[in-house]
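**Q** So here's input_1.cif, just mmCIF, C-alpha atoms:
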```
data_upload
loop_
_atom_site.label_atom_id
_atom_site.label_comp_id
_atom_site.auth_asym_id
_atom_site.auth_seq_id
_atom_site.Cartn_x
_atom_site.Cartn_y
_atom_site.Cartn_z
CA MET J 191 -4.30 170.90 -153.79
CA PRO J 192 -0.52 171.20 -154.39
CA PRO J 193 1.75 171.12 -151.32
CA LYS J 194 2.94 174.30 -149.70
CA LEU J 195 5.91 175.74 -151.53
CA ALA J 196 9.08 175.53 -149.44
CA LEU J 197 10.58 178.97 -149.99
CA ARG J 198 13.90 178.16 -148.35
CA ARG J 199 14.31 175.23 -150.68
CA VAL J 200 13.50 177.43 -153.68
CA LEU J 201 16.01 180.06 -152.59
CA ARG J 202 18.71 177.45 -152.03
CA ALA J 203 18.01 175.96 -155.45
CA THR J 204 18.19 179.41 -157.04
CA VAL J 205 21.85 179.58 -156.09
CA ALA J 206 22.79 175.90 -155.99
CA ILE J 207 21.49 174.85 -159.42
CA PRO J 208 23.49 177.40 -161.45
CA TRP J 209 26.57 176.76 -159.32
CA ARG J 210 26.43 172.97 -159.66
CA ASN J 211 25.81 173.28 -163.39
CA ARG J 212 27.93 176.36 -164.00
CA ALA J 213 29.70 174.91 -167.03
CA ALA J 214 26.38 174.21 -168.75
CA PHE J 215 24.96 177.59 -167.76
CA VAL J 216 27.99 179.42 -169.12
CA ARG J 217 27.99 177.39 -172.32
CA VAL J 218 24.30 177.90 -173.02
CA LEU J 219 23.67 181.38 -171.60
CA ALA J 220 26.91 183.31 -172.09
CA ALA J 221 26.01 184.72 -175.51
CA PRO J 222 22.45 185.84 -174.71
CA VAL J 223 23.48 187.22 -171.31
CA VAL J 224 26.26 189.31 -172.87
CA ALA J 225 23.76 190.45 -175.50
CA LEU J 226 21.35 191.43 -172.71
CA VAL J 227 24.05 193.50 -171.00
CA VAL J 228 24.68 195.35 -174.25
CA MET J 229 20.96 195.76 -174.83
CA ASP J 230 20.51 197.15 -171.30
CA LEU J 231 23.09 199.81 -172.05
CA VAL J 232 21.59 200.59 -175.45
CA VAL J 233 18.08 200.92 -174.00
CA GLU J 234 19.42 203.16 -171.23
CA TRP J 235 21.09 205.37 -173.83
CA ALA J 236 18.09 205.35 -176.16
CA GLU J 237 15.68 206.52 -173.47
CA HIS J 238 17.72 209.70 -173.13
CA ALA J 239 19.04 210.17 -176.66
CA LEU J 240 16.28 208.87 -178.92
CA GLY J 241 12.93 208.54 -177.22
CA GLY J 242 9.73 207.91 -179.11
CA TRP J 243 9.19 204.79 -181.18
CA ARG J 244 12.91 203.95 -181.43
CA SER J 245 13.20 203.37 -177.71
CA VAL J 246 10.02 201.27 -177.86
CA VAL J 247 11.56 199.09 -180.58
CA LEU J 248 14.68 198.62 -178.47
CA SER J 249 12.56 197.72 -175.46
CA VAL J 250 10.80 195.04 -177.52
CA ALA J 251 14.22 193.73 -178.55
CA TRP J 252 15.20 193.60 -174.87
CA TRP J 253 12.12 191.52 -174.08
CA ALA J 254 12.88 189.22 -176.99
CA LEU J 255 16.34 188.60 -175.54
CA PHE J 256 14.75 188.00 -172.16
CA VAL J 257 12.50 185.36 -173.72
CA VAL J 258 15.51 183.57 -175.21
CA ILE J 259 17.25 183.58 -171.83
CA ALA J 260 14.13 182.53 -169.94
CA VAL J 261 13.36 179.59 -172.25
CA ARG J 262 16.96 178.38 -172.16
CA THR J 263 17.18 178.70 -168.39
CA HIS J 264 13.91 176.89 -167.75
CA ARG J 265 15.02 174.07 -170.01
CA LEU J 266 18.45 173.87 -168.42
CA VAL J 267 16.88 173.49 -164.99
CA LEU J 268 13.90 171.32 -165.87
CA ALA J 269 14.71 169.49 -169.11
CA LYS J 270 18.51 169.45 -168.91
CA ASP J 271 18.87 169.61 -172.70
CA GLU J 272 22.19 171.45 -172.63
CA GLU J 273 23.32 170.12 -176.00
CA GLN J 274 20.23 171.30 -177.85
CA MET J 275 20.27 174.71 -176.19
CA ALA J 276 23.99 175.20 -176.84
CA LYS J 277 23.50 174.53 -180.55
CA ALA J 278 20.56 176.92 -180.77
CA SER J 279 22.72 180.05 -180.51
CA LEU J 280 20.29 183.02 -180.53
CA ARG J 281 17.85 181.26 -182.84
CA TRP J 282 14.17 182.08 -182.43
CA SER J 283 11.73 179.19 -182.74
CA TRP J 284 8.04 178.53 -182.25
CA ARG J 285 8.80 177.78 -178.60
CA GLU J 286 10.06 181.33 -178.03
CA THR J 287 7.13 182.75 -180.01
CA ARG J 288 4.66 180.86 -177.83
CA PHE J 289 6.48 181.98 -174.69
CA PHE J 290 6.45 185.60 -175.87
CA GLY J 291 2.75 185.34 -176.63
CA TRP J 292 1.95 184.10 -173.15
CA LEU J 293 4.18 186.80 -171.71
CA LEU J 294 2.20 189.49 -173.53
CA VAL J 295 -1.17 188.01 -172.56
CA ILE J 296 -0.33 187.60 -168.88
CA TYR J 297 1.40 190.93 -168.44
CA PHE J 298 -1.45 192.69 -170.25
CA GLN J 299 -3.91 191.21 -167.79
CA VAL J 300 -1.70 192.10 -164.83
CA ALA J 301 -1.22 195.65 -166.10
CA LEU J 302 -4.94 196.04 -166.76
CA LEU J 303 -5.79 194.89 -163.25
CA GLY J 304 -3.19 197.24 -161.79
CA LEU J 305 -4.57 200.13 -163.84
CA LEU J 306 -8.15 199.47 -162.78
CA LEU J 307 -7.16 199.24 -159.14
CA ALA J 308 -5.06 202.41 -159.44
CA MET J 309 -8.09 204.21 -160.84
CA LEU J 310 -10.14 202.87 -157.95
CA GLY J 311 -7.49 204.12 -155.54
CA LEU J 312 -7.55 207.57 -157.12
CA ALA J 313 -11.33 207.63 -156.82
CA ILE J 314 -11.08 206.73 -153.15
CA MET J 315 -8.49 209.47 -152.61
CA TRP J 316 -10.81 211.95 -154.32
CA VAL J 317 -13.59 210.98 -151.92
CA VAL J 318 -11.27 210.74 -148.92
CA PRO J 319 -8.44 213.23 -149.62
CA SER J 320 -6.75 212.47 -146.33
CA GLY J 321 -6.35 208.78 -147.19
CA PRO J 322 -2.75 207.52 -147.14
CA PHE J 323 -1.20 207.38 -150.61
CA GLN J 324 0.89 204.35 -149.66
CA LEU J 325 -2.29 202.39 -148.98
CA MET J 326 -3.56 203.22 -152.46
CA VAL J 327 -0.32 201.92 -153.97
CA VAL J 328 -0.67 198.67 -152.05
CA VAL J 329 -4.28 198.33 -153.19
CA ALA J 330 -3.13 198.61 -156.81
CA VAL J 331 0.10 196.62 -156.71
CA LEU J 332 -0.54 193.63 -154.46
CA PRO J 333 -3.54 192.14 -156.33
CA ALA J 334 -1.70 192.57 -159.64
CA ALA J 335 1.38 190.85 -158.21
CA TYR J 336 -0.85 188.08 -156.86
CA LEU J 337 -2.42 187.54 -160.29
CA LEU J 338 1.02 187.37 -161.89
CA ALA J 339 2.15 184.88 -159.27
CA ARG J 340 -0.85 182.60 -159.74
CA LEU J 341 -0.29 182.50 -163.51
CA SER J 342 3.52 182.39 -163.44
CA LEU J 343 3.77 178.60 -163.65
CA ILE J 344 2.65 178.93 -167.26
CA PHE J 345 6.09 180.23 -168.23
CA PRO J 346 8.22 177.20 -167.34
CA ALA J 347 5.48 174.91 -168.67
CA VAL J 348 5.53 176.69 -172.02
CA ALA J 349 9.34 176.48 -172.10
CA LEU J 350 8.90 172.71 -171.73
CA ASP J 351 6.31 172.65 -174.56
CA ARG J 352 3.51 171.61 -172.20
CA PRO J 353 -0.13 172.40 -172.99
CA VAL J 354 -1.32 175.05 -170.54
CA ASP J 355 -4.22 177.36 -169.85
CA PHE J 356 -5.25 179.75 -167.11
CA GLY J 357 -7.28 177.11 -165.29
CA TRP J 358 -4.30 174.76 -165.13
CA ALA J 359 -2.03 177.48 -163.72
CA TRP J 360 -4.63 178.57 -161.18
CA ALA J 361 -5.09 175.00 -159.97
CA ARG J 362 -1.37 174.21 -159.77
CA SER J 363 -0.62 177.39 -157.80
CA ALA J 364 -3.56 176.99 -155.40
CA GLY J 365 -2.59 177.67 -151.82
CA ASN J 366 0.75 179.14 -152.84
CA GLY J 367 -0.22 182.50 -154.30
CA TRP J 368 1.57 184.67 -151.77
CA ARG J 369 4.60 182.39 -151.69
CA LEU J 370 4.84 182.75 -155.45
CA VAL J 371 4.52 186.53 -155.06
CA LEU J 372 7.78 186.37 -153.14
CA VAL J 373 9.36 184.40 -156.00
CA VAL J 374 8.11 186.40 -159.00
CA ALA J 375 7.72 189.90 -157.51
CA VAL J 376 9.65 190.43 -154.28
CA LEU J 377 12.79 188.54 -155.35
CA PRO J 378 13.11 190.41 -158.68
CA LEU J 379 12.54 193.68 -156.81
CA ALA J 380 15.35 192.80 -154.41
CA PHE J 381 17.62 191.91 -157.32
CA SER J 382 16.75 195.20 -159.00
CA VAL J 383 17.75 197.11 -155.89
CA VAL J 384 21.07 195.25 -155.84
CA ALA J 385 21.71 195.93 -159.54
CA THR J 386 21.00 199.65 -159.29
CA ALA J 387 22.80 200.23 -156.00
CA ALA J 388 26.13 200.83 -157.76
CA ASN J 389 24.80 204.05 -159.32
CA SER J 390 26.51 203.17 -162.61
CA ALA J 391 24.71 202.14 -165.78
CA LEU J 392 27.51 199.78 -166.80
CA VAL J 393 27.73 198.06 -163.42
CA ALA J 394 23.94 197.87 -163.19
CA ALA J 395 23.72 196.22 -166.62
CA VAL J 396 26.50 193.74 -165.81
CA LEU J 397 24.78 192.78 -162.56
CA ALA J 398 21.23 192.79 -163.89
CA ALA J 399 21.66 190.20 -166.64
CA PRO J 400 22.91 187.35 -164.40
CA LEU J 401 20.27 188.27 -161.84
CA VAL J 402 17.63 187.81 -164.53
CA VAL J 403 18.90 184.25 -164.92
CA LEU J 404 18.60 183.69 -161.17
CA GLU J 405 15.02 184.99 -161.22
CA VAL J 406 14.14 182.44 -163.89
CA VAL J 407 15.91 179.68 -161.98
CA ALA J 408 13.81 180.54 -158.92
CA LEU J 409 10.60 180.16 -160.91
CA SER J 410 11.89 176.90 -162.38
CA ALA J 411 12.56 175.62 -158.87
CA ALA J 412 9.04 176.58 -157.80
CA TYR J 413 7.59 174.85 -160.87
CA ARG J 414 9.56 171.71 -160.12
CA ALA J 415 8.26 171.66 -156.55
CA LEU J 416 4.62 172.35 -157.41
CA VAL J 417 4.24 170.53 -160.73
CA VAL J 418 7.03 168.09 -161.55
CA GLU J 419 7.44 166.53 -158.13
CA THR J 420 3.70 166.23 -157.54
CA ALA J 421 2.85 164.65 -160.91
CA PRO J 422 1.87 160.96 -160.81
CA ALA J 423 4.41 158.60 -162.31
CA GLY J 424 4.12 158.47 -166.08
CA VAL J 425 2.00 161.61 -166.28
CA GLY J 426 3.33 164.61 -168.21
CA HIS J 427 3.98 167.80 -166.29
#
```
Take the structure in the file and give it back as structure tokens.
**A**
Amino acid sequence: MPPKLALRRVLRATVAIPWRNRAAFVRVLAAPVVALVVMDLVVEWAEHALGGWRSVVLSVAWWALFVVIAVRTHRLVLAKDEEQMAKASLRWSWRETRFFGWLLVIYFQVALLGLLLAMLGLAIMWVVPSGPFQLMVVVAVLPAAYLLARLSLIFPAVALDRPVDFGWAWARSAGNGWRLVLVVAVLPLAFSVVATAANSALVAAVLAAPLVVLEVVALSAAYRALVVETAPAGVGH
């Protein structure tokens, strides 16, 4: 079983790694992060002005930009191939396609689990009308967040071109499910609160994009602790 994830170490690394390597991060991520800020504003506008399939298309474009940023960030932290990433510009490769595919598969499973549990919660509330609504929300959200956390190590592994499957992710995250929930669910939620606190779409977009990078760095740090540092010498991770 992997060692217990040291959350303080992960949180320190989330800030320290980008700061120590700030020149590389700016060089590699400046263009996609600026593009994400613009896309955030466009999506915000489209939801009110366009709606329908156009806003869906823009949302897909936002996720595509997120994939580019996530792959680059994981590789900056774990593979340190700054030169290759800097030359890639916003180019989309098979690596990003594979990452996007895993993103869709995992989030579909998480959403499906959340939906099924929400339906169960509604059924319970129908039987017991006086049941607390907050409890039903917890019943739906926490297991879905736990599933996402247990599978989340797939993302940095895919960014590193490693062969992965659900069994591998489940084994590597064993004993650390709730710690990873803090990394992949609670931390992004906290960042989201920070980004939206300004009550300005522009400020929120400017804050949100760098915070996305920090979220990915946090997952990279967790992957390094649970996979890279525990791999036997000479064995791929």
**Q** For Ala399 (chain J), find every residue with an atom within 10 Å (counting only C-alpha atoms), except residues of its own chain fewer than 3 positions away, and show them as a list in words.
**A**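 After dropping sequence-adjacent residues, the list is Pro222, Val223, Val224, Ala225, Leu226, Val227, Val228, Met229, Asp230, Phe256, Ile259, Ala385, Ala394, Ala395, Val396, Val402, Val403 and Leu404 of chain J.
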**Q** Determine the residue membership of the PyMOL selection byres ((chain J and resi 199) around 12) for the file above and supply it as a PDB file with C-alpha atoms, keeping the file's coordinate frame.
**A**
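Output file result29.pdb follows:
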```
ATOM      1  CA  LYS J 194       2.940 174.300-149.700  1.00  0.00           C
ATOM      2  CA  LEU J 195       5.910 175.740-151.530  1.00  0.00           C
ATOM      3  CA  ALA J 196       9.080 175.530-149.440  1.00  0.00           C
ATOM      4  CA  LEU J 197      10.580 178.970-149.990  1.00  0.00           C
ATOM      5  CA  ARG J 198      13.900 178.160-148.350  1.00  0.00           C
ATOM      6  CA  VAL J 200      13.500 177.430-153.680  1.00  0.00           C
ATOM      7  CA  LEU J 201      16.010 180.060-152.590  1.00  0.00           C
ATOM      8  CA  ARG J 202      18.710 177.450-152.030  1.00  0.00           C
ATOM      9  CA  ALA J 203      18.010 175.960-155.450  1.00  0.00           C
ATOM     10  CA  THR J 204      18.190 179.410-157.040  1.00  0.00           C
ATOM     11  CA  VAL J 205      21.850 179.580-156.090  1.00  0.00           C
ATOM     12  CA  ALA J 206      22.790 175.900-155.990  1.00  0.00           C
ATOM     13  CA  ILE J 207      21.490 174.850-159.420  1.00  0.00           C
ATOM     14  CA  VAL J 373       9.360 184.400-156.000  1.00  0.00           C
ATOM     15  CA  ALA J 408      13.810 180.540-158.920  1.00  0.00           C
ATOM     16  CA  LEU J 409      10.600 180.160-160.910  1.00  0.00           C
ATOM     17  CA  ALA J 411      12.560 175.620-158.870  1.00  0.00           C
ATOM     18  CA  ALA J 412       9.040 176.580-157.800  1.00  0.00           C
ATOM     19  CA  ARG J 414       9.560 171.710-160.120  1.00  0.00           C
ATOM     20  CA  ALA J 415       8.260 171.660-156.550  1.00  0.00           C
TER      21      ALA J 415
END
```
**Q** My list of candidates is J:Ala391, J:Ala269, J:Leu312, J:Val406. Which is closest to Val257 (chain J) when distances are computed with only C-alpha atoms?
**A**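 Ranked by minimum distance to Val257 (chain J), first place goes to J:Val406.
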**Q** I'd like the residues picked by the PyMOL selection byres ((chain J and resi 301) around 12) written out as a list of chain:residue names, using the chain letters and numbers from the file.
**A** J:Leu293, J:Leu294, J:Val295, J:Ile296, J:Tyr297, J:Phe298, J:Gln299, J:Val300, J:Leu302, J:Leu303, J:Gly304, J:Leu305, J:Leu306, J:Leu307, J:Ala308, J:Ala330, J:Val331, J:Leu332, J:Pro333, J:Ala334, J:Ala335, J:Tyr336, J:Leu337, J:Leu338
**Q** Between J:Val233, J:Met191, J:Ala254, J:Leu372, which residue has the minimum interatomic distance to Leu392 (chain J), considering all atoms listed in the file?
**A** J:Val233
**Q** So which residues touch Arg352 (chain J) within 12 Å, counting all atoms listed in the file, skipping near sequence neighbours fewer than 4 positions away, as a PyMOL selection string?
**A** chain J and resi 265+269+285+288-289+343-348+358-359+417-418+425-427
**Q** Where does the PyMOL selection byres ((chain J and resi 365) around 9) land in this file, that is, which residues does it pick, as a list in words?
**A**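 So the PyMOL selection byres ((chain J and resi 365) around 9), applied here, picks out Met191, Pro192, Pro193, Lys194, Leu195, Ala361, Arg362, Ser363, Ala364, Asn366, Gly367, Trp368 and Arg369 of chain J.
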**Q** So how many Å separate CA of Pro208 (chain J) and CA of Phe381 (chain J), to one decimal?
**A**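 These atoms are spaced 16.2 Å apart.
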**Q** Some atoms are absent from region 377-388 of chain J, so rebuild all heavy atoms and return them as a PDB file, in the frame of the given file.
**A**
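To be explicit, this is the file written out as out30.pdb:
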```
ATOM      1  N   LEU J 377      11.403 188.895-155.020  1.00  0.00           N
ATOM      2  CA  LEU J 377      12.790 188.540-155.350  1.00  0.00           C
ATOM      3  C   LEU J 377      13.338 189.375-156.503  1.00  0.00           C
ATOM      4  O   LEU J 377      14.444 189.930-156.388  1.00  0.00           O
ATOM      5  CB  LEU J 377      12.880 187.046-155.662  1.00  0.00           C
ATOM      6  CG  LEU J 377      14.288 186.490-155.911  1.00  0.00           C
ATOM      7  CD1 LEU J 377      15.153 186.650-154.667  1.00  0.00           C
ATOM      8  CD2 LEU J 377      14.222 185.014-156.319  1.00  0.00           C
ATOM      9  N   PRO J 378      12.609 189.520-157.627  1.00  0.00           N
ATOM     10  CA  PRO J 378      13.110 190.410-158.680  1.00  0.00           C
ATOM     11  C   PRO J 378      13.294 191.854-158.218  1.00  0.00           C
ATOM     12  O   PRO J 378      14.238 192.528-158.646  1.00  0.00           O
ATOM     13  CB  PRO J 378      12.030 190.312-159.767  1.00  0.00           C
ATOM     14  CG  PRO J 378      11.414 188.974-159.553  1.00  0.00           C
ATOM     15  CD  PRO J 378      11.418 188.777-158.067  1.00  0.00           C
ATOM     16  N   LEU J 379      12.393 192.318-157.336  1.00  0.00           N
ATOM     17  CA  LEU J 379      12.540 193.680-156.810  1.00  0.00           C
ATOM     18  C   LEU J 379      13.830 193.798-156.006  1.00  0.00           C
ATOM     19  O   LEU J 379      14.572 194.788-156.132  1.00  0.00           O
ATOM     20  CB  LEU J 379      11.335 194.034-155.947  1.00  0.00           C
ATOM     21  CG  LEU J 379      11.356 195.419-155.297  1.00  0.00           C
ATOM     22  CD1 LEU J 379      11.394 196.507-156.361  1.00  0.00           C
ATOM     23  CD2 LEU J 379      10.137 195.604-154.389  1.00  0.00           C
ATOM     24  N   ALA J 380      14.113 192.786-155.189  1.00  0.00           N
ATOM     25  CA  ALA J 380      15.350 192.800-154.410  1.00  0.00           C
ATOM     26  C   ALA J 380      16.571 192.780-155.323  1.00  0.00           C
ATOM     27  O   ALA J 380      17.554 193.511-155.101  1.00  0.00           O
ATOM     28  CB  ALA J 380      15.379 191.605-153.457  1.00  0.00           C
ATOM     29  N   PHE J 381      16.518 191.953-156.361  1.00  0.00           N
ATOM     30  CA  PHE J 381      17.620 191.910-157.320  1.00  0.00           C
ATOM     31  C   PHE J 381      17.796 193.248-158.024  1.00  0.00           C
ATOM     32  O   PHE J 381      18.920 193.682-158.294  1.00  0.00           O
ATOM     33  CB  PHE J 381      17.379 190.803-158.349  1.00  0.00           C
ATOM     34  CG  PHE J 381      17.632 189.414-157.830  1.00  0.00           C
ATOM     35  CD1 PHE J 381      17.140 188.306-158.510  1.00  0.00           C
ATOM     36  CD2 PHE J 381      18.364 189.203-156.680  1.00  0.00           C
ATOM     37  CE1 PHE J 381      17.376 187.023-158.049  1.00  0.00           C
ATOM     38  CE2 PHE J 381      18.608 187.919-156.198  1.00  0.00           C
ATOM     39  CZ  PHE J 381      18.111 186.831-156.888  1.00  0.00           C
ATOM     40  N   SER J 382      16.681 193.898-158.332  1.00  0.00           N
ATOM     41  CA  SER J 382      16.750 195.200-159.000  1.00  0.00           C
ATOM     42  C   SER J 382      17.424 196.234-158.110  1.00  0.00           C
ATOM     43  O   SER J 382      18.222 197.056-158.582  1.00  0.00           O
ATOM     44  CB  SER J 382      15.334 195.659-159.370  1.00  0.00           C
ATOM     45  OG  SER J 382      15.350 196.939-159.949  1.00  0.00           O
ATOM     46  N   VAL J 383      17.114 196.191-156.828  1.00  0.00           N
ATOM     47  CA  VAL J 383      17.750 197.110-155.890  1.00  0.00           C
ATOM     48  C   VAL J 383      19.258 196.866-155.851  1.00  0.00           C
ATOM     49  O   VAL J 383      20.063 197.807-155.855  1.00  0.00           O
ATOM     50  CB  VAL J 383      17.143 196.946-154.480  1.00  0.00           C
ATOM     51  CG1 VAL J 383      17.951 197.724-153.448  1.00  0.00           C
ATOM     52  CG2 VAL J 383      15.693 197.415-154.481  1.00  0.00           C
ATOM     53  N   VAL J 384      19.644 195.597-155.848  1.00  0.00           N
ATOM     54  CA  VAL J 384      21.070 195.250-155.840  1.00  0.00           C
ATOM     55  C   VAL J 384      21.751 195.766-157.106  1.00  0.00           C
ATOM     56  O   VAL J 384      22.843 196.353-157.060  1.00  0.00           O
ATOM     57  CB  VAL J 384      21.254 193.726-155.718  1.00  0.00           C
ATOM     58  CG1 VAL J 384      22.717 193.337-155.945  1.00  0.00           C
ATOM     59  CG2 VAL J 384      20.783 193.245-154.355  1.00  0.00           C
ATOM     60  N   ALA J 385      21.096 195.560-158.255  1.00  0.00           N
ATOM     61  CA  ALA J 385      21.710 195.930-159.540  1.00  0.00           C
ATOM     62  C   ALA J 385      21.882 197.436-159.675  1.00  0.00           C
ATOM     63  O   ALA J 385      22.853 197.900-160.286  1.00  0.00           O
ATOM     64  CB  ALA J 385      20.869 195.393-160.685  1.00  0.00           C
ATOM     65  N   THR J 386      20.948 198.192-159.126  1.00  0.00           N
ATOM     66  CA  THR J 386      21.000 199.650-159.290  1.00  0.00           C
ATOM     67  C   THR J 386      21.743 200.349-158.162  1.00  0.00           C
ATOM     68  O   THR J 386      21.948 201.568-158.223  1.00  0.00           O
ATOM     69  CB  THR J 386      19.578 200.229-159.386  1.00  0.00           C
ATOM     70  OG1 THR J 386      18.828 199.851-158.223  1.00  0.00           O
ATOM     71  CG2 THR J 386      18.872 199.704-160.627  1.00  0.00           C
ATOM     72  N   ALA J 387      22.158 199.601-157.157  1.00  0.00           N
ATOM     73  CA  ALA J 387      22.800 200.230-156.000  1.00  0.00           C
ATOM     74  C   ALA J 387      24.152 200.845-156.354  1.00  0.00           C
ATOM     75  O   ALA J 387      24.612 201.768-155.681  1.00  0.00           O
ATOM     76  CB  ALA J 387      22.981 199.207-154.876  1.00  0.00           C
ATOM     77  N   ALA J 388      24.789 200.343-157.406  1.00  0.00           N
ATOM     78  CA  ALA J 388      26.130 200.830-157.760  1.00  0.00           C
ATOM     79  C   ALA J 388      26.104 202.232-158.353  1.00  0.00           C
ATOM     80  O   ALA J 388      27.148 202.865-158.480  1.00  0.00           O
ATOM     81  CB  ALA J 388      26.783 199.869-158.742  1.00  0.00           C
TER      82      ALA J 388
END
```
